[in-house]
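Text of work-v4.pdb (PDB, C-alpha atoms) as supplied:
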ATOM      1  CA  MET X   1     -10.530 -12.879   1.140
ATOM      2  CA  LYS X   2      -8.916 -10.165   3.230
ATOM      3  CA  ILE X   3      -6.088  -8.057   1.803
ATOM      4  CA  ALA X   4      -4.193  -5.618   4.025
ATOM      5  CA  THR X   5      -1.562  -3.015   3.242
ATOM      6  CA  TRP X   6       0.562  -1.094   5.738
ATOM      7  CA  ASN X   7       3.523   1.233   5.495
ATOM      8  CA  VAL X   8       5.246   0.280   8.735
ATOM      9  CA  ASN X   9       8.016   2.908   8.511
ATOM     10  CA  GLY X  10      10.656   0.478   9.753
ATOM     11  CA  ILE X  11       9.829  -3.180  10.350
ATOM     12  CA  ARG X  12      12.393  -3.594  13.130
ATOM     13  CA  ALA X  13      10.675  -0.896  15.186
ATOM     14  CA  ARG X  14       7.249  -2.350  14.427
ATOM     15  CA  GLN X  15       7.832  -6.126  14.319
ATOM     16  CA  ALA X  16       5.773  -6.882  17.444
ATOM     17  CA  GLN X  17       2.961  -4.672  16.153
ATOM     18  CA  VAL X  18       2.967  -6.491  12.811
ATOM     19  CA  GLN X  19       2.754  -9.837  14.593
ATOM     20  CA  GLU X  20      -0.143  -8.578  16.727
ATOM     21  CA  PHE X  21      -1.864  -7.281  13.607
ATOM     22  CA  LEU X  22      -1.465 -10.627  11.850
ATOM     23  CA  ASP X  23      -2.737 -12.561  14.858
ATOM     24  CA  ARG X  24      -5.779 -10.315  15.182
ATOM     25  CA  GLU X  25      -6.747  -9.771  11.537
ATOM     26  CA  GLN X  26      -5.377 -12.926   9.881
ATOM     27  CA  PRO X  27      -5.327 -11.352   6.413
ATOM     28  CA  ASP X  28      -5.025 -13.679   3.449
ATOM     29  CA  VAL X  29      -2.533 -11.257   1.913
ATOM     30  CA  LEU X  30      -0.409  -8.715   3.778
ATOM     31  CA  CYS X  31       1.499  -6.043   1.870
ATOM     32  CA  LEU X  32       4.088  -4.019   3.777
ATOM     33  CA  GLN X  33       6.046  -0.974   2.689
ATOM     34  CA  GLU X  34       9.054   0.993   3.915
ATOM     35  CA  ILE X  35      10.432  -2.002   5.796
ATOM     36  CA  LYS X  36      13.908  -0.392   5.853
ATOM     37  CA  ALA X  37      15.698  -3.703   6.397
ATOM     38  CA  SER X  38      17.305  -6.556   4.529
ATOM     39  CA  VAL X  39      16.523 -10.164   5.395
ATOM     40  CA  ASP X  40      19.775 -10.601   7.328
ATOM     41  CA  GLN X  41      18.646  -7.818   9.681
ATOM     42  CA  LEU X  42      15.399  -9.582  10.615
ATOM     43  CA  PRO X  43      14.873 -12.202  13.327
ATOM     44  CA  VAL X  44      14.320 -15.736  12.079
ATOM     45  CA  TRP X  45      10.687 -15.870  13.218
ATOM     46  CA  LEU X  46       9.903 -12.725  11.219
ATOM     47  CA  CYS X  47      11.652 -13.911   8.044
ATOM     48  CA  ASP X  48       9.379 -16.931   7.985
ATOM     49  CA  ILE X  49       6.178 -15.958   9.825
ATOM     50  CA  GLU X  50       4.230 -18.997  10.942
ATOM     51  CA  GLY X  51       1.275 -19.675   8.665
ATOM     52  CA  TYR X  52       2.457 -17.409   5.823
ATOM     53  CA  TRP X  53       4.470 -17.605   2.638
ATOM     54  CA  CYS X  54       6.828 -14.685   3.213
ATOM     55  CA  TYR X  55       8.728 -12.532   0.775
ATOM     56  CA  TRP X  56      10.936  -9.700   2.014
ATOM     57  CA  HIS X  57      12.459  -7.306  -0.503
ATOM     58  CA  GLY X  58      14.484  -4.624   1.221
ATOM     59  CA  GLY X  59      17.823  -2.995   1.866
ATOM     60  CA  LYS X  60      19.398  -1.559   4.959
ATOM     61  CA  GLY X  61      17.729   1.552   6.345
ATOM     62  CA  TYR X  62      15.731   2.657   3.304
ATOM     63  CA  SER X  63      12.618   1.826   1.285
ATOM     64  CA  GLY X  64      11.702  -1.866   0.913
ATOM     65  CA  VAL X  65       8.501  -3.852   0.492
ATOM     66  CA  ALA X  66       7.209  -7.222   1.628
ATOM     67  CA  LEU X  67       4.359  -9.506   0.637
ATOM     68  CA  HIS X  68       2.939 -12.325   2.740
ATOM     69  CA  VAL X  69       0.314 -14.876   1.703
ATOM     70  CA  ARG X  70      -1.619 -17.007   4.179
ATOM     71  CA  LYS X  71      -0.989 -20.718   3.752
ATOM     72  CA  ALA X  72      -4.469 -21.677   4.940
ATOM     73  CA  SER X  73      -6.017 -19.943   1.927
ATOM     74  CA  HIS X  74      -3.170 -20.652  -0.515
ATOM     75  CA  PRO X  75      -1.513 -23.995   0.335
ATOM     76  CA  GLU X  76       0.979 -23.762  -2.543
ATOM     77  CA  ARG X  77       3.702 -21.146  -2.450
ATOM     78  CA  PRO X  78       2.862 -18.400  -4.961
ATOM     79  CA  ALA X  79       5.324 -17.100  -7.503
ATOM     80  CA  PHE X  80       6.831 -13.830  -6.250
ATOM     81  CA  ASN X  81       8.267 -11.484  -8.863
ATOM     82  CA  HIS X  82       9.482  -7.959  -9.518
ATOM     83  CA  PRO X  83       8.359  -5.999 -12.589
ATOM     84  CA  SER X  84      11.262  -4.714 -14.637
ATOM     85  CA  PHE X  85      10.792  -1.141 -13.401
ATOM     86  CA  ASP X  86      11.538  -2.057  -9.784
ATOM     87  CA  TYR X  87      14.335  -0.083  -8.173
ATOM     88  CA  GLU X  88      15.269   0.630  -4.562
ATOM     89  CA  HIS X  89      13.150  -2.386  -3.503
ATOM     90  CA  ARG X  90       9.827  -0.697  -4.320
ATOM     91  CA  ILE X  91       7.557  -3.408  -5.747
ATOM     92  CA  VAL X  92       6.945  -7.125  -5.395
ATOM     93  CA  THR X  93       4.081  -9.138  -6.880
ATOM     94  CA  ALA X  94       2.521 -12.484  -5.986
ATOM     95  CA  ALA X  95       0.713 -14.493  -8.652
ATOM     96  CA  LEU X  96      -2.170 -16.236  -6.890
ATOM     97  CA  PRO X  97      -4.515 -18.603  -8.742
ATOM     98  CA  SER X  98      -7.182 -15.957  -9.358
ATOM     99  CA  VAL X  99      -5.422 -12.635  -8.821
ATOM    100  CA  THR X 100      -2.022 -10.961  -8.949
ATOM    101  CA  VAL X 101      -1.304  -8.762  -5.924
ATOM    102  CA  ALA X 102       1.396  -6.097  -5.809
ATOM    103  CA  SER X 103       2.918  -4.424  -2.752
ATOM    104  CA  ILE X 104       4.135  -0.983  -3.852
ATOM    105  CA  TYR X 105       6.072   1.896  -2.339
ATOM    106  CA  VAL X 106       6.151   4.844  -4.727
ATOM    107  CA  PRO X 107       9.024   7.289  -4.240
ATOM    108  CA  ASN X 108       8.115  10.403  -2.296
ATOM    109  CA  GLY X 109       9.591  12.583  -5.012
ATOM    110  CA  GLY X 110      11.096  15.214  -2.762
ATOM    111  CA  LYS X 111      14.671  14.456  -3.806
ATOM    112  CA  ASP X 112      14.045  13.251  -7.366
ATOM    113  CA  PHE X 113      10.608  14.116  -8.680
ATOM    114  CA  PRO X 114      11.258  12.904 -12.266
ATOM    115  CA  ALA X 115      12.148   9.472 -10.873
ATOM    116  CA  LYS X 116       8.818   9.382  -9.041
ATOM    117  CA  MET X 117       6.948  10.212 -12.233
ATOM    118  CA  ARG X 118       8.850   7.574 -14.191
ATOM    119  CA  PHE X 119       7.950   4.980 -11.582
ATOM    120  CA  ILE X 120       4.242   5.863 -11.662
ATOM    121  CA  GLU X 121       4.282   5.862 -15.477
ATOM    122  CA  ALA X 122       5.800   2.376 -15.382
ATOM    123  CA  MET X 123       3.085   1.291 -12.938
ATOM    124  CA  ASP X 124       0.525   2.519 -15.451
ATOM    125  CA  ALA X 125       2.159   0.501 -18.234
ATOM    126  CA  TYR X 126       2.170  -2.558 -15.956
ATOM    127  CA  ALA X 127      -1.536  -2.091 -15.146
ATOM    128  CA  ALA X 128      -2.293  -1.747 -18.846
ATOM    129  CA  GLU X 129      -0.402  -4.971 -19.608
ATOM    130  CA  CYS X 130      -2.341  -6.827 -16.925
ATOM    131  CA  GLN X 131      -5.620  -5.477 -18.266
ATOM    132  CA  ALA X 132      -4.724  -6.531 -21.815
ATOM    133  CA  ALA X 133      -3.805 -10.012 -20.584
ATOM    134  CA  GLY X 134      -7.074 -10.355 -18.645
ATOM    135  CA  THR X 135      -5.204 -10.588 -15.328
ATOM    136  CA  THR X 136      -7.192  -9.703 -12.238
ATOM    137  CA  LEU X 137      -4.994  -7.242 -10.377
ATOM    138  CA  VAL X 138      -4.740  -5.659  -6.947
ATOM    139  CA  LEU X 139      -2.290  -2.808  -6.446
ATOM    140  CA  CYS X 140      -1.692  -2.169  -2.751
ATOM    141  CA  GLY X 141       0.516   0.243  -0.952
ATOM    142  CA  ASP X 142       1.814   3.706  -0.307
ATOM    143  CA  LEU X 143       1.472   5.535  -3.616
ATOM    144  CA  ASN X 144       2.628   8.854  -2.140
ATOM    145  CA  VAL X 145      -0.065  10.787  -4.039
ATOM    146  CA  ALA X 146      -3.339  12.134  -2.640
ATOM    147  CA  ARG X 147      -5.864  11.551  -5.436
ATOM    148  CA  THR X 148      -7.854  14.759  -4.906
ATOM    149  CA  ASP X 149      -8.085  17.684  -2.511
ATOM    150  CA  ALA X 150     -10.688  15.642  -0.614
ATOM    151  CA  ASP X 151      -7.860  13.231   0.245
ATOM    152  CA  VAL X 152      -5.932  15.939   2.111
ATOM    153  CA  HIS X 153      -7.031  17.718   5.276
ATOM    154  CA  PRO X 154      -7.794  21.392   4.549
ATOM    155  CA  LYS X 155      -4.943  22.442   6.849
ATOM    156  CA  GLU X 156      -2.520  20.402   4.700
ATOM    157  CA  ARG X 157      -3.674  21.433   1.228
ATOM    158  CA  ARG X 158      -0.965  23.246  -0.686
ATOM    159  CA  LEU X 159      -1.273  24.019  -4.366
ATOM    160  CA  ASN X 160       1.292  22.133  -6.453
ATOM    161  CA  SER X 161       3.097  20.598  -3.469
ATOM    162  CA  ILE X 162       4.572  17.161  -4.151
ATOM    163  CA  GLY X 163       1.927  14.529  -3.522
ATOM    164  CA  GLN X 164      -0.828  16.946  -4.573
ATOM    165  CA  ARG X 165       0.420  18.049  -8.006
ATOM    166  CA  PRO X 166      -1.979  17.771 -10.964
ATOM    167  CA  ASP X 167       0.518  15.769 -13.040
ATOM    168  CA  GLU X 168       0.877  13.147 -10.291
ATOM    169  CA  ARG X 169      -2.862  12.930  -9.815
ATOM    170  CA  ALA X 170      -3.435  12.581 -13.543
ATOM    171  CA  LEU X 171      -1.120   9.567 -13.638
ATOM    172  CA  ILE X 172      -2.948   7.904 -10.748
ATOM    173  CA  GLU X 173      -6.244   8.432 -12.568
ATOM    174  CA  ARG X 174      -4.704   6.927 -15.698
ATOM    175  CA  ILE X 175      -3.762   3.838 -13.721
ATOM    176  CA  LEU X 176      -7.336   3.566 -12.463
ATOM    177  CA  SER X 177      -8.573   3.841 -16.043
ATOM    178  CA  ARG X 178      -6.952   0.453 -16.679
ATOM    179  CA  GLY X 179     -10.029  -1.294 -15.310
ATOM    180  CA  LEU X 180      -9.164  -0.644 -11.653
ATOM    181  CA  VAL X 181     -11.247   0.715  -8.780
ATOM    182  CA  ASP X 182     -10.198   2.647  -5.663
ATOM    183  CA  VAL X 183     -11.853   0.223  -3.244
ATOM    184  CA  HIS X 184     -11.884   2.558  -0.241
ATOM    185  CA  ARG X 185     -13.985   5.110  -2.106
ATOM    186  CA  ILE X 186     -16.650   2.504  -2.895
ATOM    187  CA  PHE X 187     -17.630   2.597   0.751
ATOM    188  CA  GLU X 188     -16.769   6.167   1.714
ATOM    189  CA  PRO X 189     -17.128   8.225  -1.485
ATOM    190  CA  ASP X 190     -17.832  11.519   0.283
ATOM    191  CA  ASN X 191     -15.755  11.163   3.449
ATOM    192  CA  GLN X 192     -13.334  14.088   3.529
ATOM    193  CA  ASP X 193     -11.809  12.889   6.800
ATOM    194  CA  LEU X 194     -10.482   9.661   5.293
ATOM    195  CA  PHE X 195      -6.697   9.660   5.696
ATOM    196  CA  THR X 196      -3.969   7.020   5.991
ATOM    197  CA  TRP X 197      -0.878   9.132   6.775
ATOM    198  CA  TRP X 198      -0.330  11.782   9.419
ATOM    199  CA  ALA X 199       2.802  13.880   9.879
ATOM    200  CA  PRO X 200       4.589  12.694  13.051
ATOM    201  CA  TRP X 201       4.341  15.983  14.923
ATOM    202  CA  ARG X 202       1.818  18.292  16.601
ATOM    203  CA  ASN X 203      -0.401  15.346  17.492
ATOM    204  CA  MET X 204      -1.590  15.177  13.879
ATOM    205  CA  LYS X 205      -2.606  11.516  14.030
ATOM    206  CA  ALA X 206      -4.777  11.942  17.111
ATOM    207  CA  ARG X 207      -6.341  15.033  15.526
ATOM    208  CA  ASN X 208      -6.817  13.204  12.197
ATOM    209  CA  ILE X 209      -5.082  15.907  10.186
ATOM    210  CA  GLY X 210      -3.596  13.842   7.400
ATOM    211  CA  TRP X 211      -3.392  12.691   3.803
ATOM    212  CA  ARG X 212      -4.761   9.591   2.055
ATOM    213  CA  LEU X 213      -1.698   8.030   0.451
ATOM    214  CA  ASP X 214      -2.279   4.280   0.962
ATOM    215  CA  TYR X 215      -4.629   2.474  -1.398
ATOM    216  CA  VAL X 216      -6.126  -0.787  -2.555
ATOM    217  CA  PHE X 217      -6.802  -0.596  -6.302
ATOM    218  CA  ALA X 218      -8.612  -3.695  -7.566
ATOM    219  CA  SER X 219      -9.797  -4.884 -10.958
ATOM    220  CA  GLU X 220     -13.461  -4.063 -11.510
ATOM    221  CA  SER X 221     -14.517  -7.725 -11.452
ATOM    222  CA  LEU X 222     -12.969  -8.141  -8.020
ATOM    223  CA  ALA X 223     -14.016  -4.729  -6.719
ATOM    224  CA  ARG X 224     -17.644  -5.670  -7.338
ATOM    225  CA  THR X 225     -17.275  -8.338  -4.640
ATOM    226  CA  ALA X 226     -15.784  -5.953  -2.053
ATOM    227  CA  ALA X 227     -17.503  -6.229   1.321
ATOM    228  CA  SER X 228     -15.564  -3.549   3.226
ATOM    229  CA  CYS X 229     -12.479  -1.363   3.261
ATOM    230  CA  VAL X 230     -11.228   0.412   6.369
ATOM    231  CA  VAL X 231      -8.199   2.271   7.680
ATOM    232  CA  GLN X 232      -7.122   1.554  11.254
ATOM    233  CA  ARG X 233      -5.791   4.900  12.451
ATOM    234  CA  ASP X 234      -5.256   3.753  16.038
ATOM    235  CA  VAL X 235      -3.176   0.674  15.173
ATOM    236  CA  GLY X 236       0.572   0.801  15.681
ATOM    237  CA  THR X 237       3.077   3.616  15.970
ATOM    238  CA  SER X 238       3.874   4.088  12.273
ATOM    239  CA  ASP X 239       2.904   7.415  10.721
ATOM    240  CA  HIS X 240       0.651   5.360   8.396
ATOM    241  CA  GLY X 241      -2.384   3.301   9.349
ATOM    242  CA  PRO X 242      -3.058  -0.146   7.868
ATOM    243  CA  VAL X 243      -5.772  -0.372   5.218
ATOM    244  CA  ILE X 244      -7.802  -3.586   5.049
ATOM    245  CA  ALA X 245     -10.065  -4.578   2.165
ATOM    246  CA  THR X 246     -12.331  -7.607   2.361
ATOM    247  CA  PHE X 247     -13.738  -9.269  -0.725
ATOM    248  CA  ALA X 248     -16.691 -11.614  -0.644
ATOM    249  CA  ASP X 249     -15.478 -13.833  -3.459
ATOM    250  CA  LEU X 250     -12.014 -13.729  -4.966
ATOM    251  CA  SER X 251     -12.663 -16.634  -7.316
ATOM    252  CA  SER X 252     -14.929 -14.511  -9.499
ATOM    253  CA  GLY X 253     -11.819 -12.785 -10.884
TER     254      GLY X 253
END

Output the file's structure in the form of structure tokens.
Amino acid sequence: MKIATWNVNGIRARQAQVQEFLDREQPDVLCLQEIKASVDQLPVWLCDIEGYWCYWHGGKGYSGVALHVRKASHPERPAFNHPSFDYEHRIVTAALPSVTVASIYVPNGGKDFPAKMRFIEAMDAYAAECQAAGTTLVLCGDLNVARTDADVHPKERRLNSIGQRPDERALIERILSRGLVDVHRIFEPDNQDLFTWWAPWRNMKARNIGWRLDYVFASESLARTAASCVVQRDVGTSDHGPVIATFADLSSG
């Protein structure tokens, strides 16, 4: 089972790249963020990608998430939903037979930091509810928080800047305490050059001067089956790279 997440920073600018990515990787689940488009702005072939159950949840020019599930691995259309705390098209979930997957785009917080904190707090409550219900969960997406200083290039570390604040980081750790695991750090626990976002100037992406903002958080039972997790820095022209986690056995959840 392969689960991929990618902040595309505008699906209309990246639609060919997304199709190429799907053709090459054939993920079982694809989570997209910052699609910046409503369904009526997308071409027909993209609204209903061949071989996938597609769910687009976006508005014109801002925010938006999508979640796509491969029909070959899940022949029946999953139930797509939005937790009650969704606003500005920031979260969609798919209930698969053995796992619930969420595509998430946390607010940046630059314009309304309290709203960002409320959203992350609501994510924590949602994770706690899933844990209490015994639901195997995967939270994917752009969480707009670097977990630790190791998740920010030394040139980009700034004490108490948004995305690096202790209160934000504490909330992310609280979410992980709900029986979840940061899958990428299973495989690269000490890699301080592991980033998923690079500012779109001064050749930052090519120089790998970035932040790790995009994650796959999985329930412990599922995380134990993880076979790999990688970021593809050289894929596409978004300022984020796709993150792909592969699990050996999803049914164990």

| task | Can you turn the PyMOL selection byres ((chain X and resi 37) around 7) into a concrete residue list for this file, as a list in words? | result |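 Going through the file, the PyMOL selection byres ((chain X and resi 37) around 7) ends up selecting Ile35, Lys36, Ser38, Val39, Gln41, Gly58, Gly59, Lys60 and Gly61 of chain X.
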
| Which of these, X:Val152, X:Val183, X:Leu22, X:Val99, has the shortest distance to Gly134 in chain X once you count all atoms listed in the file? |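 Result for the nearest residue to Gly134 in chain X: X:Val99.
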
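Using the PyMOL selection byres ((chain X and resi 114-119) around 10) on the file at hand returns these residues: Phe85, Asp86, Tyr87, Arg90, Tyr105, Val106, Pro107, Asn108, Gly109, Gly110, Lys111, Asp112, Phe113, Ile120, Glu121, Ala122, Met123, Asp124, Ala125, Leu143, Asn144, Asp167, Glu168 and Leu171 of chain X.
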
| message | If I take CA of Gln164 in chain X and CA of Phe195 in chain X, how far is one from the other in Å, to one decimal? | response |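 So the two atoms, CA of Gln164 in chain X and CA of Phe195 in chain X, lie 13.9 Å apart.
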
| task | Go ahead and compute the interatomic distance for CA of Glu34 in chain X and CA of Ala199 in chain X, in Å to one decimal. | result |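 These atoms are spaced 15.5 Å apart.
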